[in-house]
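First comes the structure, then the notes that go with it.
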Amino acid sequence: MPAIVVVGTQWGDEGKGKIVDFLTAKAHFVVRFQGGNNAGHTLVINQKKYILHLIPSGIFHPQTVCVIGNGVVVDPAVLISEIENLKNAGVEITPKKLKISERAHAIMPYHKALDLAREAKAKKNKIGTTGRGIGPCYEDKVARRGFRLIDLTRPKYFKERLKTILEEKNFFLQYLSAEPLDYKEICEKYLEFGKYLKPYLTDVSSLLWEGFKKNKNILFEGAQGTYLDIDYGTYPYVTSSNTLAGNACCGSGLGPTFIKEVIGIVKAYTTRVGEGPFPTELKDEIGEYLREKGGEYGSTTGRPRRCGWLDLVMVKFAIKLNGITSLALTKLDVLSGLSKIKLCVVYRIGKKILETFPTTLEDFSKIEPVYEEFPGWEENLEGIEDLNKLPKEAKEYIKTIESYLGVPISIISTGPGRENCLILRDNFFH
Ligand code: IMP
């Protein structure tokens, strides 16, 4: 049975949640493998809106086991309130349905405090993080001074280690003009979290391996997007994990030979939240139109997203970086009503044409996008279920994207609801 990875090809917020939700109908396991509650997936089911930050969106499908892999950083308070909120909304959540890696690292209160204090001190040089403590938690993981979720269930070990770690953290917090944190309070809170989460903790690697041997379908749900990747994103304006498909393996404990397909999600235009380069950004009324029509406000922080034209140079490189085998094009409906639509096909530095995505901020500051221009369409696309019924201008736009990228588009999303989807291929899982 194939394992499939879904990743964003831009700066996140490509609409992965909806595509994952569609694919989950046939998945036995849906697995998060990186990031934390910096992510936010918005789903509309029976006209009701749900925003999930940590729990995979597969939670709404009764047959699916939702898995949080070792590569995720987990804020226990957020996870617990997400579990409780879903339970209150009538969604069944049991330790059979939700499995969390005992190796996943815990976001501690000082991670969040440091994230906020550093951003405040950096002023105009800030990254524009979500302020959820993601970066500081990954730093501690790599520096070997983190807490794994299993550690919250071992009071003696936890208490001893926290003492020395917190001493150092409080020193830095005070240097950054933030309040020091109380040892006793953290101990009590986090050991309580440990008790609550214990029944959900497991060895995810063995779980997935067993599932695989029993021919179960496994779906990996990437968070953020390709260009927020710590290595290949627009560094330093990135998140602190590898968001690329390859990390599905390390972040879950399942080896690379099991992955048969990678689906790249491409929004029909581009957005980004936070600071950093954005070659096709529109700081005009068209950018405003896309933001309002597309509801482009962060589902985690509510910040307005920066909007711009679709950048095929980025997406083409994302195809290589992730080994993408097919694409899902989302939010095509948002483009309805524009008289002209542009697609960036290459960049230019002076007279030189550049077909690759730059590495340095200096190069980003020099490049100019080169566009192909298309006539727009007026028709509302919501509810169209047949590719042939799309306006001819929309078909032309899709055809150009596909032929430029050389990878087939297998799903086109034409509206926010589960039902607003054109499925051009339906054999992802058997
Ligand atoms: P962090 O992940 O909170 O450290 O933020 C680093 C950068 O990644 C900031 O520009 C955030 O806005 C961005 N970011 C993090 N998570 C997401 C996401 O899920 N969608 C879009 N941008 C994100």
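Letters for chains follow the order of the structure tokens (A, B, ...), residue numbers begin at 1 for each chain, and ligand numbers begin at 1 in the order shown.
For ligand 1, the neighbouring polymer residues at 7 Å or closer are A:Trp11, A:Gly12, A:Asp13, A:Asn38, A:Ala39, A:Gly40, A:Ile127, A:Gly128, A:Thr129, A:Thr130, A:Gly131, A:Arg132, A:Gly133, A:Ile134, A:Gly135, A:Ala223, A:Gln224, A:Leu228, A:Tyr237, A:Val238, A:Thr239, A:Ser240, A:Arg272, A:Val273, A:Gly274, A:Glu275, only C-alpha atoms and all ligand atoms being used.
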Pro62 (chain A) surroundings by only C-alpha atoms, 10 Å radius, close-in-sequence under 2 positions cut, as a PyMOL selection string: chain A and resi 25+28+58-60+64-65+91-93+97
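Closest approach to Tyr235 (chain A) from the set A:Ile150, A:Ile263, A:Leu361, A:Leu290 is made by A:Leu361, with distances taken over only C-alpha atoms.
Selecting helix (DSSP H, G or I) from the backbone DSSP output for region 301-338 of chain A yields Leu312, Val313, Met314, Val315, Lys316, Phe317, Ala318, Ile319, Lys320, Leu321, Asn322, Leu332, Asp333, Val334 and Leu335 of chain A.
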Between CA of Tyr371 (chain A) and CA of Val345 (chain A) lies a distance of 5.9 Å
Using only C-alpha atoms, which residues sit within 9 Å of Leu381 (chain A) once same-chain residues fewer than 6 positions away are excluded, as a PyMOL selection string? chain A and resi 332-334+336+390-391+414-415+420
Report as JSON lines the residues of region 243-338 of chain A within 12 Å of region 212-221 of chain A, each with its shortest atom pair and distance in Å (one decimal), using only C-alpha atoms, ordered by chain and increasing residue number.
```
{"residue": "A:Thr243", "atom": "CA", "partner": "A:Glu221", "partner_atom": "CA", "distance": 10.2}
{"residue": "A:Leu244", "atom": "CA", "partner": "A:Glu221", "partner_atom": "CA", "distance": 10.9}
{"residue": "A:Ala245", "atom": "CA", "partner": "A:Phe220", "partner_atom": "CA", "distance": 8.6}
{"residue": "A:Gly246", "atom": "CA", "partner": "A:Phe220", "partner_atom": "CA", "distance": 10.8}
{"residue": "A:Asn247", "atom": "CA", "partner": "A:Phe220", "partner_atom": "CA", "distance": 10.0}
{"residue": "A:Ala248", "atom": "CA", "partner": "A:Phe220", "partner_atom": "CA", "distance": 6.6}
{"residue": "A:Cys249", "atom": "CA", "partner": "A:Phe220", "partner_atom": "CA", "distance": 9.3}
{"residue": "A:Cys250", "atom": "CA", "partner": "A:Phe220", "partner_atom": "CA", "distance": 11.9}
{"residue": "A:Gly251", "atom": "CA", "partner": "A:Phe220", "partner_atom": "CA", "distance": 10.0}
{"residue": "A:Ser252", "atom": "CA", "partner": "A:Phe220", "partner_atom": "CA", "distance": 9.0}
{"residue": "A:Gly253", "atom": "CA", "partner": "A:Phe220", "partner_atom": "CA", "distance": 11.9}
{"residue": "A:Leu254", "atom": "CA", "partner": "A:Phe212", "partner_atom": "CA", "distance": 9.4}
{"residue": "A:Gly255", "atom": "CA", "partner": "A:Phe212", "partner_atom": "CA", "distance": 11.0}
{"residue": "A:Thr257", "atom": "CA", "partner": "A:Phe212", "partner_atom": "CA", "distance": 11.6}
{"residue": "A:Phe258", "atom": "CA", "partner": "A:Phe212", "partner_atom": "CA", "distance": 8.4}
{"residue": "A:Ile259", "atom": "CA", "partner": "A:Ile218", "partner_atom": "CA", "distance": 9.0}
{"residue": "A:Lys260", "atom": "CA", "partner": "A:Ile218", "partner_atom": "CA", "distance": 10.4}
{"residue": "A:Glu261", "atom": "CA", "partner": "A:Leu219", "partner_atom": "CA", "distance": 9.9}
{"residue": "A:Val262", "atom": "CA", "partner": "A:Phe220", "partner_atom": "CA", "distance": 9.3}
{"residue": "A:Ile263", "atom": "CA", "partner": "A:Phe220", "partner_atom": "CA", "distance": 10.1}
{"residue": "A:Gly264", "atom": "CA", "partner": "A:Glu221", "partner_atom": "CA", "distance": 11.0}
{"residue": "A:Ile265", "atom": "CA", "partner": "A:Glu221", "partner_atom": "CA", "distance": 11.1}
```
Residue subset to file, keeping all heavy atoms, as a tab-separated table (two decimals), in the first residue's frame:
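Written file, again_29.tsv:
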```tsv
chain	number	residue	atom	x	y	z
A	243	THR	N	10.36	21.38	6.23
A	243	THR	CA	8.95	21.22	5.83
A	243	THR	C	8.83	20.34	4.59
A	243	THR	O	7.74	20.02	4.15
A	243	THR	CB	8.35	22.60	5.49
A	243	THR	OG1	9.15	23.19	4.45
A	243	THR	CG2	8.36	23.53	6.69
A	244	LEU	N	9.97	19.95	4.02
A	244	LEU	CA	9.97	19.19	2.76
A	244	LEU	C	9.50	17.75	2.98
A	244	LEU	O	9.61	17.21	4.09
A	244	LEU	CB	11.37	19.17	2.16
A	244	LEU	CG	11.98	20.54	1.82
A	244	LEU	CD1	13.36	20.36	1.19
A	244	LEU	CD2	11.08	21.34	0.90
A	245	ALA	N	9.05	17.14	1.90
A	245	ALA	CA	8.48	15.79	1.97
A	245	ALA	C	9.44	14.78	2.59
A	245	ALA	O	9.02	13.84	3.28
A	245	ALA	CB	8.05	15.34	0.58
A	246	GLY	N	10.75	14.96	2.34
A	246	GLY	CA	11.73	14.01	2.86
A	246	GLY	C	11.67	13.88	4.38
A	246	GLY	O	11.97	12.82	4.94
A	247	ASN	N	11.24	14.93	5.03
A	247	ASN	CA	11.19	14.90	6.50
A	247	ASN	C	10.02	14.08	7.03
A	247	ASN	O	9.95	13.80	8.22
A	247	ASN	CB	11.15	16.34	7.04
A	247	ASN	CG	11.42	16.39	8.53
A	247	ASN	OD1	12.11	15.54	9.08
A	247	ASN	ND2	10.85	17.38	9.21
A	248	ALA	N	9.11	13.68	6.14
A	248	ALA	CA	8.00	12.82	6.59
A	248	ALA	C	8.59	11.56	7.22
A	248	ALA	O	8.03	11.01	8.18
A	248	ALA	CB	7.10	12.46	5.42
A	249	CYS	N	9.72	11.11	6.71
A	249	CYS	CA	10.34	9.86	7.20
A	249	CYS	C	10.97	10.09	8.58
A	249	CYS	O	10.65	9.39	9.53
A	249	CYS	CB	11.39	9.38	6.23
A	249	CYS	SG	10.67	9.05	4.63
A	250	CYS	N	11.86	11.08	8.65
A	250	CYS	CA	12.56	11.32	9.94
A	250	CYS	C	11.57	11.77	11.01
A	250	CYS	O	11.75	11.46	12.18
A	250	CYS	CB	13.62	12.39	9.78
A	250	CYS	SG	14.91	11.88	8.67
A	251	GLY	N	10.55	12.50	10.61
A	251	GLY	CA	9.61	13.04	11.59
A	251	GLY	C	8.55	12.06	12.04
A	251	GLY	O	7.67	12.41	12.83
A	252	SER	N	8.62	10.82	11.51
A	252	SER	CA	7.60	9.83	11.91
A	252	SER	C	8.22	8.47	12.23
A	252	SER	O	7.59	7.64	12.87
A	252	SER	CB	6.59	9.64	10.79
A	252	SER	OG	7.21	8.97	9.70
A	253	GLY	N	9.46	8.25	11.73
A	253	GLY	CA	10.09	6.96	11.98
A	253	GLY	C	9.70	5.89	10.97
A	253	GLY	O	9.84	4.70	11.23
A	254	LEU	N	9.19	6.31	9.80
A	254	LEU	CA	8.92	5.35	8.73
A	254	LEU	C	9.94	5.61	7.62
A	254	LEU	O	10.13	6.75	7.22
A	254	LEU	CB	7.49	5.54	8.19
A	254	LEU	CG	6.94	4.40	7.34
A	254	LEU	CD1	6.67	3.15	8.17
A	254	LEU	CD2	5.65	4.80	6.63
A	255	GLY	N	10.57	4.54	7.12
A	255	GLY	CA	11.66	4.71	6.14
A	255	GLY	C	11.21	5.21	4.79
A	255	GLY	O	10.03	5.09	4.44
A	257	THR	N	11.54	4.20	1.72
A	257	THR	CA	11.10	3.30	0.64
A	257	THR	C	9.59	3.10	0.63
A	257	THR	O	9.03	2.55	-0.32
A	257	THR	CB	11.79	1.94	0.75
A	257	THR	OG1	11.75	1.55	2.13
A	257	THR	CG2	13.22	1.99	0.28
A	258	PHE	N	8.90	3.53	1.69
A	258	PHE	CA	7.45	3.32	1.74
A	258	PHE	C	6.67	4.42	1.02
A	258	PHE	O	5.49	4.29	0.78
A	258	PHE	CB	6.98	3.24	3.19
A	258	PHE	CG	7.69	2.17	3.96
A	258	PHE	CD1	8.63	2.47	4.92
A	258	PHE	CD2	7.43	0.83	3.67
A	258	PHE	CE1	9.29	1.48	5.61
A	258	PHE	CE2	8.10	-0.17	4.35
A	258	PHE	CZ	9.04	0.15	5.31
A	259	ILE	N	7.34	5.52	0.74
A	259	ILE	CA	6.61	6.65	0.15
A	259	ILE	C	6.53	6.50	-1.36
A	259	ILE	O	7.54	6.41	-2.04
A	259	ILE	CB	7.24	7.98	0.58
A	259	ILE	CG1	6.98	8.14	2.09
A	259	ILE	CG2	6.67	9.16	-0.19
A	259	ILE	CD1	7.70	9.25	2.73
A	260	LYS	N	5.31	6.46	-1.85
A	260	LYS	CA	5.12	6.21	-3.28
A	260	LYS	C	4.71	7.46	-4.03
A	260	LYS	O	4.78	7.51	-5.24
A	260	LYS	CB	4.03	5.14	-3.48
A	260	LYS	CG	4.39	3.79	-2.89
A	260	LYS	CD	5.47	3.09	-3.71
A	260	LYS	CE	5.76	1.69	-3.21
A	260	LYS	NZ	6.46	1.68	-1.93
A	261	GLU	N	4.21	8.43	-3.32
A	261	GLU	CA	3.68	9.59	-4.03
A	261	GLU	C	3.76	10.84	-3.16
A	261	GLU	O	3.58	10.77	-1.95
A	261	GLU	CB	2.21	9.31	-4.38
A	261	GLU	CG	1.53	10.45	-5.06
A	261	GLU	CD	0.62	10.01	-6.21
A	261	GLU	OE1	0.30	8.82	-6.34
A	261	GLU	OE2	0.24	10.90	-6.97
A	262	VAL	N	4.05	11.96	-3.82
A	262	VAL	CA	4.07	13.25	-3.09
A	262	VAL	C	3.15	14.21	-3.85
A	262	VAL	O	3.34	14.46	-5.04
A	262	VAL	CB	5.49	13.84	-3.00
A	262	VAL	CG1	5.47	15.17	-2.25
A	262	VAL	CG2	6.45	12.86	-2.30
A	263	ILE	N	2.16	14.71	-3.15
A	263	ILE	CA	1.22	15.65	-3.78
A	263	ILE	C	1.58	17.07	-3.31
A	263	ILE	O	1.66	17.34	-2.10
A	263	ILE	CB	-0.24	15.32	-3.39
A	263	ILE	CG1	-0.56	13.88	-3.85
A	263	ILE	CG2	-1.20	16.32	-4.02
A	263	ILE	CD1	-1.93	13.40	-3.43
A	264	GLY	N	1.81	17.95	-4.27
A	264	GLY	CA	2.17	19.34	-3.95
A	264	GLY	C	0.94	20.22	-4.07
A	264	GLY	O	0.23	20.18	-5.07
A	265	ILE	N	0.70	21.00	-3.04
A	265	ILE	CA	-0.46	21.91	-3.08
A	265	ILE	C	0.00	23.28	-3.57
A	265	ILE	O	0.95	23.86	-3.03
A	265	ILE	CB	-1.12	22.06	-1.68
A	265	ILE	CG1	-1.26	20.70	-0.99
A	265	ILE	CG2	-2.46	22.77	-1.79
A	265	ILE	CD1	-2.15	19.71	-1.66
```
For region 176-266 of chain A versus region 105-119 of chain A, which residues have an atom no more than 8 Å away, and what is each residue's nearest atom pair and distance in Å rounded to one decimal, using only C-alpha atoms, chain-then-number order, as a tab-separated table?
```
residue	atom	partner	partner_atom	distance
A:Leu176	CA	A:Ala117	CA	6.0
A:Ser177	CA	A:Ala117	CA	7.4
A:Ala178	CA	A:Ala117	CA	6.4
A:Leu181	CA	A:Tyr110	CA	7.2
A:Ile186	CA	A:Pro109	CA	7.6
```
Skip Pro369 (chain A) itself and residues of its chain fewer than 3 positions away, then list as a PyMOL selection string all residues within 12 Å of it, counting only C-alpha atoms. chain A and resi 278-282+308-314+342-350+352-357+364-366+372
Using only C-alpha atoms, pick whichever of A:Asn170, A:Ser205, A:Asn322, A:Ser81 has the shortest atom-to-atom distance to Thr226 (chain A).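 Answer, going by the shortest atom-to-atom distance: A:Asn322.
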So that I can check the secondary structure, give me every residue of region 102-332 of chain A assigned strand (DSSP E or B) by backbone DSSP, as a ChimeraX atom specification. /A:105-106,148,201-202,218-221,259-267,270-272,281,297,304,306-308,310-311,326-330
For those residues, write C-alpha atoms to a file as a PDB file, in the first residue's frame.
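Contents of selection-v1.pdb, as written:
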```
ATOM      1  CA  HIS A 105       9.294  17.532  22.030  1.00  0.00           C
ATOM      2  CA  ALA A 106       7.222  19.681  24.374  1.00  0.00           C
ATOM      3  CA  ARG A 148      10.157  14.939  25.158  1.00  0.00           C
ATOM      4  CA  LEU A 201       1.630   8.455  23.910  1.00  0.00           C
ATOM      5  CA  THR A 202       3.110   5.669  21.846  1.00  0.00           C
ATOM      6  CA  ILE A 218      -0.765   6.172   5.320  1.00  0.00           C
ATOM      7  CA  LEU A 219      -1.121   9.875   4.597  1.00  0.00           C
ATOM      8  CA  PHE A 220       1.507  12.367   5.759  1.00  0.00           C
ATOM      9  CA  GLU A 221       0.224  15.877   6.261  1.00  0.00           C
ATOM     10  CA  ILE A 259       6.608   6.646   0.155  1.00  0.00           C
ATOM     11  CA  LYS A 260       5.120   6.209  -3.281  1.00  0.00           C
ATOM     12  CA  GLU A 261       3.678   9.591  -4.030  1.00  0.00           C
ATOM     13  CA  VAL A 262       4.066  13.246  -3.092  1.00  0.00           C
ATOM     14  CA  ILE A 263       1.220  15.650  -3.776  1.00  0.00           C
ATOM     15  CA  GLY A 264       2.174  19.336  -3.952  1.00  0.00           C
ATOM     16  CA  ILE A 265      -0.462  21.906  -3.083  1.00  0.00           C
ATOM     17  CA  VAL A 266      -0.355  25.063  -5.180  1.00  0.00           C
ATOM     18  CA  LYS A 267      -2.579  28.014  -4.424  1.00  0.00           C
ATOM     19  CA  THR A 270       0.729  33.301  -3.729  1.00  0.00           C
ATOM     20  CA  THR A 271       0.535  34.399  -0.098  1.00  0.00           C
ATOM     21  CA  ARG A 272       2.962  34.757   2.773  1.00  0.00           C
ATOM     22  CA  GLU A 281       3.913  40.460  -4.058  1.00  0.00           C
ATOM     23  CA  TYR A 297      -5.888  36.211   7.226  1.00  0.00           C
ATOM     24  CA  PRO A 304      -3.323  39.742   7.148  1.00  0.00           C
ATOM     25  CA  ARG A 306       0.637  39.346   1.928  1.00  0.00           C
ATOM     26  CA  CYS A 307      -0.752  38.412  -1.515  1.00  0.00           C
ATOM     27  CA  GLY A 308       0.686  38.209  -5.027  1.00  0.00           C
ATOM     28  CA  LEU A 310       1.373  32.755  -8.775  1.00  0.00           C
ATOM     29  CA  ASP A 311       5.128  32.251  -9.045  1.00  0.00           C
ATOM     30  CA  SER A 326       1.095  15.415  -8.884  1.00  0.00           C
ATOM     31  CA  LEU A 327      -0.376  18.784  -7.962  1.00  0.00           C
ATOM     32  CA  ALA A 328      -3.552  20.056  -6.344  1.00  0.00           C
ATOM     33  CA  LEU A 329      -4.509  23.570  -7.429  1.00  0.00           C
ATOM     34  CA  THR A 330      -6.473  25.415  -4.759  1.00  0.00           C
TER      35      THR A 330
END
```
Taking 5 positions as the minimum chain separation for residues in the same chain, which residues sit within 9 Å of Ile80 (chain A) when counting only C-alpha atoms? Answer as a PyMOL selection string. chain A and resi 75+85+193+196-197
Selected residue, from A:Lys169, A:Gly276, A:Tyr269, A:Tyr289, that lies nearest to Gly146 (chain A) when counting only C-alpha atoms: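 For Gly146 (chain A), the nearest of the candidates is A:Lys169.
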